[in-house]
>>> print(open('coords.cif').read())   # mmCIF, C-alpha atoms and all ligand atoms
data_work
loop_
_atom_site.label_atom_id
_atom_site.label_comp_id
_atom_site.auth_asym_id
_atom_site.auth_seq_id
_atom_site.Cartn_x
_atom_site.Cartn_y
_atom_site.Cartn_z
CA MET I 417 1.31 4.38 -34.75
CA THR I 418 -2.28 5.41 -34.20
CA LYS I 419 -4.49 2.70 -32.80
CA LYS I 420 -7.91 2.18 -34.31
CA SER I 421 -11.10 1.55 -32.38
CA LEU I 422 -12.29 -2.06 -32.10
CA ASN I 423 -15.64 -0.90 -33.49
CA ASN I 424 -13.87 -0.43 -36.82
CA LEU I 425 -12.78 -4.07 -36.90
CA THR I 426 -15.05 -4.87 -39.85
CA PRO I 427 -14.60 -7.57 -42.50
CA GLU I 428 -12.93 -4.95 -44.74
CA SER I 429 -10.26 -4.05 -42.18
CA ALA I 430 -9.81 -7.47 -40.64
CA GLY I 431 -7.10 -9.07 -42.80
CA GLU I 432 -4.05 -8.76 -40.57
CA TYR I 433 -3.98 -6.84 -37.32
CA VAL I 434 -2.98 -6.72 -33.67
CA ILE I 435 -5.22 -6.02 -30.69
CA ASP I 436 -2.98 -4.18 -28.26
CA ASN I 437 -3.42 -2.86 -24.73
CA VAL I 438 -5.32 -5.84 -23.30
CA THR I 439 -5.02 -8.18 -20.34
CA VAL I 440 -4.80 -11.54 -22.05
CA VAL I 441 -6.53 -14.35 -20.15
CA ASP I 442 -5.54 -17.84 -21.28
CA PRO I 443 -7.73 -20.35 -19.41
CA GLU I 444 -5.98 -23.40 -20.83
CA ALA I 445 -2.52 -22.21 -19.74
CA ASP I 446 -4.08 -20.86 -16.51
CA LYS I 447 -2.33 -17.52 -17.10
CA THR I 448 -3.10 -13.81 -17.28
CA TRP I 449 -0.75 -11.16 -18.63
CA SER I 450 -0.80 -7.69 -20.09
CA GLY I 451 -0.02 -7.81 -23.77
CA HIS I 452 -1.42 -8.19 -27.26
CA VAL I 453 -2.78 -10.69 -29.76
CA GLY I 454 -2.03 -10.89 -33.48
CA VAL I 455 -4.63 -12.07 -35.98
CA LYS I 456 -4.29 -12.96 -39.66
CA ASP I 457 -7.04 -14.08 -42.05
CA GLY I 458 -9.43 -14.97 -39.23
CA LYS I 459 -6.91 -17.03 -37.27
CA ILE I 460 -4.81 -16.31 -34.20
CA GLU I 461 -1.27 -15.63 -35.40
CA PHE I 462 0.54 -14.92 -32.12
CA THR I 463 0.16 -13.65 -28.58
CA GLY I 464 2.72 -11.41 -26.91
CA GLU I 465 3.61 -9.58 -23.71
CA GLY I 466 3.69 -5.80 -23.27
CA SER I 467 2.85 -3.25 -25.98
CA TYR I 468 3.11 -4.23 -29.58
CA SER I 469 5.91 -2.43 -31.45
CA GLY I 470 5.78 -3.96 -34.94
CA SER I 471 4.36 -2.63 -38.17
CA ILE I 472 0.99 -4.40 -38.47
CA GLN I 473 -2.17 -2.26 -38.08
CA VAL I 474 -3.19 -1.98 -34.43
CA PHE I 475 -6.60 -1.88 -32.77
CA ASP I 476 -6.84 -0.51 -29.24
CA GLY I 477 -8.11 -3.03 -26.69
CA GLY I 478 -8.70 -0.12 -24.28
CA GLY I 479 -7.34 -2.00 -21.28
CA LEU I 480 -10.05 -4.66 -21.48
CA ASN I 481 -9.53 -8.35 -20.77
CA LEU I 482 -9.20 -10.57 -23.84
CA ALA I 483 -10.08 -14.27 -23.68
CA PRO I 484 -11.04 -17.02 -26.11
CA GLY I 485 -14.62 -16.66 -27.37
CA PHE I 486 -16.96 -18.52 -25.02
CA VAL I 487 -18.54 -21.89 -25.81
CA ASP I 488 -22.05 -22.79 -24.60
CA ILE I 489 -22.97 -26.43 -25.11
CA HIS I 490 -26.60 -26.20 -24.03
CA VAL I 491 -28.88 -23.70 -25.77
CA HIS I 492 -32.34 -23.85 -27.30
CA LEU I 493 -32.51 -21.91 -30.56
CA ARG I 494 -36.14 -23.01 -31.18
CA GLU I 495 -35.82 -23.06 -34.98
CA PRO I 496 -37.32 -24.90 -36.83
CA GLY I 497 -40.84 -24.78 -35.47
CA TYR I 498 -40.91 -22.20 -32.68
CA GLU I 499 -39.61 -19.11 -34.47
CA TYR I 500 -41.92 -16.91 -32.39
CA LYS I 501 -39.67 -17.67 -29.37
CA GLU I 502 -36.25 -17.50 -31.05
CA THR I 503 -34.61 -18.14 -34.40
CA VAL I 504 -31.12 -19.37 -35.14
CA ALA I 505 -30.30 -15.78 -36.18
CA THR I 506 -31.68 -14.07 -33.06
CA GLY I 507 -30.15 -16.74 -30.81
CA CYS I 508 -26.80 -16.15 -32.47
CA ARG I 509 -27.11 -12.40 -31.86
CA ALA I 510 -27.77 -13.15 -28.18
CA ALA I 511 -24.70 -15.40 -28.17
CA ALA I 512 -22.53 -12.66 -29.66
CA ALA I 513 -23.85 -10.13 -27.12
CA GLY I 514 -22.86 -12.53 -24.34
CA GLY I 515 -19.34 -13.24 -25.61
CA PHE I 516 -20.19 -16.68 -27.04
CA THR I 517 -18.69 -17.58 -30.39
CA ALA I 518 -19.85 -21.21 -30.40
CA VAL I 519 -23.07 -22.80 -29.17
CA ALA I 520 -24.51 -26.31 -29.29
CA CYS I 521 -28.26 -26.29 -29.84
CA MET I 522 -30.70 -28.86 -28.51
CA PRO I 523 -32.92 -31.06 -30.69
CA ASN I 524 -36.36 -30.32 -29.16
CA THR I 525 -37.46 -28.28 -32.17
CA LYS I 526 -40.39 -29.04 -34.52
CA PRO I 527 -39.47 -31.17 -36.39
CA SER I 528 -36.79 -32.34 -33.99
CA ILE I 529 -33.20 -32.49 -35.20
CA ASP I 530 -33.53 -36.13 -36.21
CA GLU I 531 -32.58 -35.96 -39.89
CA ARG I 532 -29.62 -34.75 -41.89
CA THR I 533 -31.70 -32.01 -43.56
CA VAL I 534 -32.55 -30.40 -40.21
CA VAL I 535 -28.88 -30.39 -39.10
CA GLU I 536 -27.88 -28.81 -42.42
CA PHE I 537 -30.70 -26.26 -42.24
CA ILE I 538 -29.62 -25.03 -38.78
CA ILE I 539 -25.96 -24.76 -39.74
CA LYS I 540 -26.92 -22.86 -42.89
CA GLN I 541 -29.12 -20.43 -40.92
CA ALA I 542 -26.22 -19.80 -38.53
CA LYS I 543 -23.78 -19.15 -41.36
CA MET I 544 -26.20 -16.71 -42.98
CA ALA I 545 -26.65 -14.86 -39.68
CA GLY I 546 -22.90 -14.80 -39.07
CA PHE I 547 -22.85 -14.01 -35.34
CA ALA I 548 -21.76 -17.35 -33.87
CA LYS I 549 -20.91 -20.91 -34.83
CA VAL I 550 -23.73 -23.34 -34.20
CA TYR I 551 -23.22 -27.04 -33.56
CA PRO I 552 -26.47 -29.03 -33.55
CA VAL I 553 -27.06 -31.77 -31.00
CA ALA I 554 -29.14 -34.36 -32.85
CA ALA I 555 -32.08 -36.25 -31.41
CA ALA I 556 -31.06 -39.65 -30.01
CA THR I 557 -34.36 -41.14 -31.19
CA VAL I 558 -36.71 -40.31 -34.06
CA GLY I 559 -38.97 -37.44 -33.00
CA ARG I 560 -37.40 -37.74 -29.50
CA LYS I 561 -40.04 -40.39 -28.91
CA GLY I 562 -37.73 -42.86 -27.20
CA GLU I 563 -38.41 -45.63 -29.69
CA LYS I 564 -36.32 -45.90 -32.85
CA MET I 565 -32.77 -44.53 -32.89
CA THR I 566 -31.86 -41.89 -35.48
CA GLU I 567 -29.08 -42.40 -38.05
CA TYR I 568 -26.08 -41.17 -36.04
CA HIS I 569 -23.51 -41.64 -38.81
CA GLU I 570 -25.49 -39.44 -41.18
CA LEU I 571 -26.24 -36.84 -38.55
CA VAL I 572 -22.57 -36.59 -37.56
CA ASP I 573 -21.61 -36.41 -41.21
CA ALA I 574 -23.98 -33.44 -41.56
CA GLY I 575 -22.40 -31.68 -38.56
CA ALA I 576 -24.08 -32.95 -35.37
CA VAL I 577 -21.71 -33.08 -32.37
CA ALA I 578 -23.73 -35.15 -29.87
CA VAL I 579 -27.07 -36.89 -29.46
CA SER I 580 -29.74 -36.22 -26.86
CA ASP I 581 -33.49 -36.40 -26.36
CA ASP I 582 -33.20 -33.20 -24.28
CA GLY I 583 -36.40 -32.00 -22.80
CA ALA I 584 -36.72 -35.66 -21.89
CA PRO I 585 -34.28 -38.38 -20.85
CA VAL I 586 -33.44 -41.36 -23.06
CA ALA I 587 -36.53 -43.45 -22.42
CA ASP I 588 -35.20 -46.61 -20.76
CA ALA I 589 -32.02 -48.39 -19.73
CA GLY I 590 -32.08 -50.75 -22.72
CA LEU I 591 -32.19 -47.81 -25.06
CA VAL I 592 -29.47 -45.99 -23.10
CA ARG I 593 -27.19 -48.94 -23.76
CA ARG I 594 -27.89 -48.98 -27.50
CA VAL I 595 -27.59 -45.19 -27.76
CA LEU I 596 -24.23 -45.25 -25.97
CA GLU I 597 -22.94 -48.06 -28.20
CA TYR I 598 -23.99 -46.33 -31.41
CA ALA I 599 -22.82 -42.88 -30.26
CA ASN I 600 -19.46 -44.30 -29.24
CA HIS I 601 -19.11 -45.90 -32.64
CA CYS I 602 -19.55 -42.43 -34.15
CA GLY I 603 -17.20 -40.76 -31.65
CA ILE I 604 -19.82 -38.50 -30.06
CA PRO I 605 -21.21 -38.23 -26.51
CA LEU I 606 -24.74 -38.75 -25.27
CA PHE I 607 -26.04 -35.55 -23.65
CA GLU I 608 -28.49 -36.74 -21.03
CA HIS I 609 -31.35 -34.71 -19.62
CA CYS I 610 -31.40 -36.55 -16.30
CA GLU I 611 -34.99 -36.82 -15.15
CA ASP I 612 -37.35 -39.56 -14.08
CA LYS I 613 -40.56 -38.05 -15.49
CA ALA I 614 -42.74 -40.15 -13.21
CA ALA I 615 -40.82 -38.89 -10.17
CA SER I 616 -41.23 -35.29 -11.35
CA GLY I 617 -44.97 -35.77 -11.90
CA TYR I 618 -46.70 -32.41 -12.03
CA GLY I 619 -43.94 -30.75 -10.03
CA VAL I 620 -43.04 -27.14 -10.85
CA ILE I 621 -40.56 -26.17 -8.11
CA ASN I 622 -37.91 -27.86 -5.94
CA GLU I 623 -39.53 -30.20 -3.41
CA GLY I 624 -38.80 -28.89 0.07
CA TYR I 625 -39.81 -26.21 2.55
CA TYR I 626 -40.63 -23.64 -0.13
CA SER I 627 -42.80 -25.96 -2.26
CA THR I 628 -44.93 -26.54 0.85
CA LYS I 629 -44.94 -22.87 1.85
CA LEU I 630 -45.93 -21.71 -1.64
CA GLY I 631 -48.48 -24.47 -2.17
CA LEU I 632 -46.79 -25.69 -5.35
CA VAL I 633 -46.12 -29.31 -6.34
CA GLY I 634 -42.47 -30.18 -5.78
CA VAL I 635 -39.90 -32.02 -7.91
CA PRO I 636 -37.67 -34.11 -5.64
CA ALA I 637 -33.90 -34.12 -6.24
CA TYR I 638 -34.09 -37.88 -6.73
CA SER I 639 -35.98 -37.29 -9.98
CA GLU I 640 -32.62 -36.22 -11.45
CA GLU I 641 -30.50 -38.64 -9.42
CA ILE I 642 -32.43 -41.83 -10.32
CA CYS I 643 -31.92 -41.17 -14.03
CA LEU I 644 -28.25 -40.25 -13.57
CA SER I 645 -27.55 -43.37 -11.52
CA ARG I 646 -29.35 -45.55 -14.10
CA ASP I 647 -27.17 -44.13 -16.87
CA LEU I 648 -23.94 -44.44 -14.87
CA LEU I 649 -24.71 -48.10 -14.16
CA VAL I 650 -25.22 -48.74 -17.88
CA LEU I 651 -22.05 -46.78 -18.66
CA GLU I 652 -20.03 -49.20 -16.54
CA THR I 653 -20.74 -51.84 -19.20
CA VAL I 654 -20.27 -49.73 -22.35
CA PRO I 655 -17.10 -47.80 -23.23
CA ALA I 656 -18.73 -44.52 -24.31
CA LYS I 657 -18.76 -40.78 -23.64
CA PHE I 658 -21.56 -39.63 -21.37
CA HIS I 659 -22.34 -35.99 -20.60
CA ALA I 660 -24.81 -35.04 -17.87
CA SER I 661 -26.66 -31.84 -18.80
CA HIS I 662 -27.82 -29.07 -16.45
CA LEU I 663 -27.20 -30.82 -13.09
CA SER I 664 -28.99 -29.22 -10.17
CA SER I 665 -28.50 -31.36 -7.08
CA LYS I 666 -25.89 -32.14 -4.47
CA GLY I 667 -26.46 -35.88 -4.90
CA SER I 668 -25.74 -35.65 -8.64
CA VAL I 669 -22.43 -33.89 -8.02
CA GLU I 670 -21.41 -36.69 -5.67
CA MET I 671 -22.36 -39.35 -8.25
CA ILE I 672 -20.31 -37.66 -10.99
CA ARG I 673 -17.37 -37.34 -8.61
CA ARG I 674 -17.45 -41.08 -7.93
CA ALA I 675 -17.95 -41.98 -11.60
CA LYS I 676 -14.92 -39.91 -12.59
CA LYS I 677 -12.82 -41.52 -9.85
CA SER I 678 -13.76 -44.95 -11.16
CA GLY I 679 -12.54 -43.98 -14.63
CA LEU I 680 -15.79 -43.63 -16.58
CA GLN I 681 -15.80 -41.22 -19.54
CA VAL I 682 -18.12 -38.77 -17.83
CA THR I 683 -18.45 -35.02 -18.16
CA ALA I 684 -21.04 -32.77 -16.56
CA GLU I 685 -22.44 -29.28 -16.69
CA THR I 686 -24.47 -27.04 -14.47
CA ALA I 687 -26.25 -23.80 -15.36
CA PRO I 688 -25.83 -20.23 -14.05
CA HIS I 689 -29.23 -20.15 -12.28
CA TYR I 690 -28.26 -23.11 -10.09
CA ILE I 691 -25.16 -21.36 -8.75
CA CYS I 692 -26.64 -17.94 -8.01
CA LEU I 693 -30.29 -18.55 -7.10
CA GLU I 694 -32.12 -20.67 -4.51
CA ASP I 695 -35.66 -22.00 -4.28
CA LYS I 696 -36.45 -19.32 -1.68
CA ASP I 697 -36.10 -16.77 -4.53
CA LEU I 698 -39.28 -18.25 -6.05
CA GLN I 699 -41.43 -16.71 -3.30
CA THR I 700 -42.35 -13.96 -5.77
CA TYR I 701 -43.94 -16.60 -8.04
CA ASN I 702 -41.85 -15.12 -10.87
CA THR I 703 -42.43 -17.57 -13.73
CA ASN I 704 -39.02 -16.73 -15.23
CA LEU I 705 -37.56 -18.70 -12.30
CA LYS I 706 -39.60 -21.77 -13.23
CA ILE I 707 -36.92 -23.97 -14.73
CA ASN I 708 -36.46 -27.71 -15.28
CA PRO I 709 -34.72 -29.12 -13.30
CA PRO I 710 -35.84 -26.65 -10.64
CA ILE I 711 -33.60 -24.18 -8.83
CA ARG I 712 -32.84 -26.02 -5.58
CA GLY I 713 -31.68 -25.17 -2.05
CA SER I 714 -28.52 -23.54 -0.72
CA GLU I 715 -26.80 -26.89 -0.02
CA ASP I 716 -27.25 -27.92 -3.64
CA ARG I 717 -25.96 -24.57 -4.83
CA ASP I 718 -22.88 -24.85 -2.62
CA ALA I 719 -22.23 -28.43 -3.79
CA LEU I 720 -22.43 -27.35 -7.44
CA ILE I 721 -19.93 -24.54 -6.81
CA GLU I 722 -17.67 -27.04 -5.03
CA GLY I 723 -18.04 -29.34 -8.06
CA LEU I 724 -16.91 -26.54 -10.37
CA LYS I 725 -13.97 -25.83 -8.06
CA ASP I 726 -12.65 -29.39 -7.93
CA GLY I 727 -13.35 -30.18 -11.60
CA THR I 728 -16.20 -32.62 -10.99
CA ILE I 729 -18.41 -30.28 -13.02
CA ASP I 730 -16.62 -29.49 -16.28
CA CYS I 731 -18.78 -26.78 -17.79
CA LEU I 732 -21.19 -23.97 -17.16
CA ALA I 733 -23.87 -23.95 -19.88
CA SER I 734 -26.71 -21.45 -20.02
CA ASP I 735 -29.63 -23.77 -20.90
CA HIS I 736 -30.85 -20.68 -22.79
CA ALA I 737 -34.58 -21.42 -23.10
CA PRO I 738 -36.56 -18.62 -24.79
CA HIS I 739 -40.34 -18.34 -24.37
CA ALA I 740 -42.76 -15.68 -25.61
CA PRO I 741 -44.20 -13.18 -23.06
CA GLN I 742 -47.75 -14.54 -23.36
CA GLU I 743 -46.48 -18.02 -22.44
CA LYS I 744 -44.74 -16.86 -19.26
CA GLN I 745 -47.35 -14.30 -18.17
CA VAL I 746 -49.71 -16.92 -16.77
CA GLU I 747 -50.19 -18.61 -13.40
CA PHE I 748 -47.06 -20.37 -12.17
CA GLU I 749 -48.43 -23.88 -12.77
CA TYR I 750 -49.17 -23.18 -16.44
CA ALA I 751 -45.96 -21.41 -17.46
CA PRO I 752 -43.40 -23.34 -19.52
CA PHE I 753 -40.00 -24.14 -17.97
CA GLY I 754 -36.90 -22.12 -18.77
CA SER I 755 -34.98 -18.86 -18.68
CA ILE I 756 -32.88 -17.21 -21.35
CA GLY I 757 -29.22 -17.10 -20.38
CA LEU I 758 -26.75 -16.40 -23.17
CA GLU I 759 -26.45 -12.70 -22.33
CA THR I 760 -25.98 -13.07 -18.58
CA THR I 761 -23.88 -16.25 -18.15
CA PHE I 762 -20.51 -14.50 -18.27
CA SER I 763 -21.57 -11.81 -15.77
CA ILE I 764 -22.90 -14.47 -13.37
CA LEU I 765 -19.61 -16.33 -13.65
CA MET I 766 -17.72 -13.14 -12.75
CA THR I 767 -20.09 -12.07 -9.99
CA HIS I 768 -20.72 -15.42 -8.31
CA LEU I 769 -17.57 -17.45 -8.96
CA VAL I 770 -14.65 -15.05 -9.53
CA LYS I 771 -15.49 -12.09 -7.24
CA PRO I 772 -16.19 -14.27 -4.15
CA GLY I 773 -12.89 -16.09 -4.79
CA HIS I 774 -14.27 -19.54 -5.65
CA LEU I 775 -12.27 -19.61 -8.89
CA THR I 776 -9.53 -17.47 -10.42
CA LEU I 777 -10.40 -15.69 -13.67
CA PRO I 778 -8.62 -18.26 -15.90
CA GLN I 779 -10.16 -21.17 -13.94
CA ALA I 780 -13.63 -19.66 -14.27
CA LEU I 781 -13.25 -19.03 -18.00
CA ALA I 782 -12.11 -22.63 -18.51
CA VAL I 783 -15.69 -23.80 -17.79
CA ILE I 784 -17.02 -21.68 -20.68
CA CYS I 785 -14.01 -22.02 -23.01
CA HIS I 786 -11.87 -25.10 -23.74
CA LYS I 787 -13.61 -27.53 -21.39
CA PRO I 788 -17.00 -27.34 -23.15
CA ALA I 789 -15.19 -27.21 -26.54
CA ASP I 790 -13.55 -30.52 -25.65
CA VAL I 791 -16.87 -32.12 -24.67
CA ILE I 792 -18.17 -31.61 -28.23
CA GLY I 793 -14.75 -31.97 -29.87
CA ILE I 794 -14.55 -28.61 -31.64
CA ASP I 795 -11.66 -26.30 -32.40
CA GLY I 796 -12.49 -23.43 -30.06
CA GLY I 797 -12.20 -22.00 -26.56
CA ARG I 798 -8.43 -21.60 -26.86
CA LEU I 799 -5.84 -18.92 -27.62
CA LYS I 800 -3.85 -21.10 -29.94
CA ALA I 801 -1.75 -19.94 -32.88
CA GLY I 802 -3.42 -21.25 -36.02
CA GLY I 803 -6.78 -21.64 -34.26
CA PRO I 804 -9.83 -19.51 -35.10
CA ALA I 805 -9.64 -15.87 -33.96
CA ASP I 806 -12.80 -16.24 -31.88
CA LEU I 807 -12.33 -13.84 -28.99
CA ALA I 808 -14.27 -12.17 -26.18
CA LEU I 809 -13.23 -8.81 -24.74
CA PHE I 810 -14.72 -7.83 -21.42
CA ASP I 811 -14.56 -5.36 -18.58
CA SER I 812 -14.13 -7.47 -15.44
CA ASP I 813 -15.41 -4.74 -13.11
CA GLU I 814 -18.22 -2.90 -14.91
CA GLU I 815 -21.30 -2.85 -12.70
CA TRP I 816 -24.63 -3.17 -14.43
CA THR I 817 -28.24 -4.04 -13.74
CA VAL I 818 -30.06 -6.40 -16.08
CA GLU I 819 -32.99 -4.74 -17.85
CA GLU I 820 -35.52 -6.35 -20.13
CA GLY I 821 -34.65 -3.93 -22.92
CA ASP I 822 -31.01 -5.09 -22.94
CA PHE I 823 -31.60 -8.44 -24.60
CA HIS I 824 -30.83 -9.31 -28.21
CA SER I 825 -32.68 -12.60 -27.84
CA LYS I 826 -36.19 -12.56 -29.33
CA SER I 827 -37.52 -13.51 -25.89
CA LYS I 828 -37.12 -11.62 -22.62
CA ASN I 829 -37.83 -14.38 -20.07
CA SER I 830 -34.70 -13.92 -17.99
CA ALA I 831 -34.57 -15.08 -14.38
CA PHE I 832 -32.09 -12.25 -13.80
CA ILE I 833 -34.02 -9.09 -14.70
CA GLY I 834 -33.21 -6.56 -11.99
CA HIS I 835 -30.07 -8.39 -10.85
CA LYS I 836 -26.88 -6.39 -10.37
CA PHE I 837 -23.77 -7.91 -11.87
CA SER I 838 -20.11 -7.02 -11.96
CA GLY I 839 -18.32 -7.75 -15.24
CA ARG I 840 -19.63 -7.29 -18.77
CA VAL I 841 -18.76 -8.39 -22.29
CA LYS I 842 -17.85 -5.47 -24.56
CA HIS I 843 -16.78 -7.03 -27.87
CA THR I 844 -17.06 -10.46 -29.47
CA ILE I 845 -14.80 -11.32 -32.37
CA LEU I 846 -15.72 -14.20 -34.69
CA ASP I 847 -13.12 -15.44 -37.17
CA GLY I 848 -11.29 -12.15 -36.76
CA VAL I 849 -14.30 -9.85 -37.25
CA ASN I 850 -15.96 -7.79 -34.51
CA VAL I 851 -19.54 -9.06 -34.61
CA THR I 852 -20.80 -6.95 -31.70
CA ALA I 853 -20.15 -3.84 -33.79
CA SER I 854 -23.07 -4.85 -36.05
CA LEU I 855 -25.52 -6.09 -33.38
ZN ZN I 901 -32.86 -30.55 -20.54
#
>>> encode(input="coords.cif", output="structure tokens", more="lines below")
Ligand SMILES: [Zn+2]
Amino acid sequence: MTKKSLNNLTPESAGEYVIDNVTVVDPEADKTWSGHVGVKDGKIEFTGEGSYSGSIQVFDGGGLNLAPGFVDIHVHLREPGYEYKETVATGCRAAAAGGFTAVACMPNTKPSIDERTVVEFIIKQAKMAGFAKVYPVAAATVGRKGEKMTEYHELVDAGAVAVSDDGAPVADAGLVRRVLEYANHCGIPLFEHCEDKAASGYGVINEGYYSTKLGLVGVPAYSEEICLSRDLLVLETVPAKFHASHLSSKGSVEMIRRAKKSGLQVTAETAPHYICLEDKDLQTYNTNLKINPPIRGSEDRDALIEGLKDGTIDCLASDHAPHAPQEKQVEFEYAPFGSIGLETTFSILMTHLVKPGHLTLPQALAVICHKPADVIGIDGGRLKAGGPADLALFDSDEEWTVEEGDFHSKSKNSAFIGHKFSGRVKHTILDGVNVTASL
């Protein structure tokens, strides 16, 4: 039987088919094998070993790797309110280009995601765009002001999967307790942006040798650690799910390790820039490397990698943070924090975790597949018969250099422009349809 090209996997042709000639990577089963995957009506029907010999129409996987579509639980889609940086639609295109079929978006929009109508609006925009599934993280407090809690039941009913005041921490320990109690009642986690704002002050870079050398105000690691330890102490008294977002420091990894050992319901994530960059890379004053929390030193980077290896850190999330060129092309002190990341996360994972031997391919994919899916409780990140046919196909060895013109995101503020990576996403399939073919 002649095999069709994956580029022809359009909604019209996508009823029932097999993708053959692939190396299947199943992160949950911790297995890799050469075989095929059968899809019917947007769902995974079966997986098999060797070449497919049945009578269903076949698409040629071209020897690529096939894995569950990736899940990113920390992105900023900027809509509503900051559509000049990114929209739900452009963010979803960036997700598809990076192999992500599901993303959780943060509530620091304008208005913030603090009402049912905003949650519904974002989900509707994502459905209209059709490139990825979007799961809003609602604001923990009205307007993210740290005063009055939002209506979690209603927000969850509308589709929110977690609460957070991301961009800022939950304001105080009393509020943390009430947020945890209410969130637990609704079966969702608190996503905490761990930062003591007073400790960060006007800091713009990791506090250490390089902040002094560059004459920039530093942010000490304890800014993150004070907030995390506050929350973990509260968590000891409340049975609730707590997720620490974008951890950057060695001390934080150690705290999460201890909290997990003591049986708390804790999960944690780090971001790609913390495992492949160091504060010494900021000597160019490149504002795309100005990120909050800041990129720290080599010991922190090594501790985060160790945390991913031993399961202390559950997920890698991009913290995709788009900003317009005119906002980043200013003096370092005045630039906003953040780097886009959806389109480079997978390649960083391959280049900095798999190739050096820190993690096997299935272990590495686990931190962007079923583990993050489990944090937000969605059906995704797995190769499971009956589950959604959300798939990523990638070349594990393709060498490429990141160029500004590559991005599908509306913004181009990547910390990785000019970086050479090994491994690249080639096709992303959402509910059985190849969405990269129409990017
Ligand atoms: Zn944050």
>>> atom_distance(input="coords.cif", atom1="CA of Gly431 (chain I)", atom2="CA of Ala510 (chain I)")
25.6 Å
>>> residues_near_point(input="coords.cif", point="(-10.4, -20.1, -21.7)", cutoff="8 Å", atoms="all atoms listed in the file", output="PyMOL selection string")
chain I and resi 441-444+483-486+778-779+781-786+797-799
>>> write_last_selection(input="coords.cif", atoms="C-alpha atoms", output="tab-separated table (two decimals), in the frame of the given file")
chain	number	residue	atom	x	y	z
I	441	VAL	CA	-6.53	-14.35	-20.15
I	442	ASP	CA	-5.54	-17.84	-21.28
I	443	PRO	CA	-7.73	-20.35	-19.41
I	444	GLU	CA	-5.98	-23.40	-20.83
I	483	ALA	CA	-10.08	-14.27	-23.68
I	484	PRO	CA	-11.04	-17.02	-26.11
I	485	GLY	CA	-14.62	-16.66	-27.37
I	486	PHE	CA	-16.96	-18.52	-25.02
I	778	PRO	CA	-8.62	-18.26	-15.90
I	779	GLN	CA	-10.16	-21.17	-13.94
I	781	LEU	CA	-13.25	-19.03	-18.00
I	782	ALA	CA	-12.11	-22.63	-18.51
I	783	VAL	CA	-15.69	-23.80	-17.79
I	784	ILE	CA	-17.02	-21.68	-20.68
I	785	CYS	CA	-14.01	-22.02	-23.01
I	786	HIS	CA	-11.87	-25.10	-23.74
I	797	GLY	CA	-12.20	-22.00	-26.56
I	798	ARG	CA	-8.43	-21.60	-26.86
I	799	LEU	CA	-5.84	-18.92	-27.62
>>> residues_near_ligand(input="coords.cif", ligand="ligand ZN 901 (chain I)", cutoff="8 Å", atoms="only C-alpha atoms and all ligand atoms", output="PyMOL selection string")
chain I and resi 582-585+608-610+661-662+708-709+735
>>> residues_around(input="coords.cif", residues="Pro688 (chain I)", least_positions_apart="2", cutoff="7 Å", atoms="all atoms listed in the file", output="VMD selection string")
chain I and resid 686 690 to 692 732 734 761 764
>>> residues_around(input="coords.cif", residues="Glu570 (chain I)", least_positions_apart="6", cutoff="9 Å", atoms="all atoms listed in the file", output="ChimeraX atom specification")
/I:531-532,576
>>> closest_residue(input="coords.cif", among="I:Lys613, I:Ser580, I:Ser678, I:Asp695", to="Leu632 (chain I)", atoms="all atoms listed in the file")
I:Asp695
>>> residues_near_point(input="coords.cif", point="(-10.1, -1.7, -37.0)", cutoff="12 Å", atoms="only C-alpha atoms", output="ChimeraX atom specification")
/I:418-436,455,472-477,845,848-850,853
>>> atom_distance(input="coords.cif", atom1="CA of Glu715 (chain I)", atom2="CA of Ala637 (chain I)")
11.9 Å
>>> residues_around(input="coords.cif", residues="Glu563 (chain I)", least_positions_apart="6", cutoff="9 Å", atoms="only C-alpha atoms", output="MDAnalysis selection string")
chainID I and resid 557 587 591
>>> closest_residue(input="coords.cif", among="I:Asp730, I:Glu722, I:Asp811, I:Glu747", to="Met766 (chain I)", atoms="all atoms listed in the file")
I:Asp811
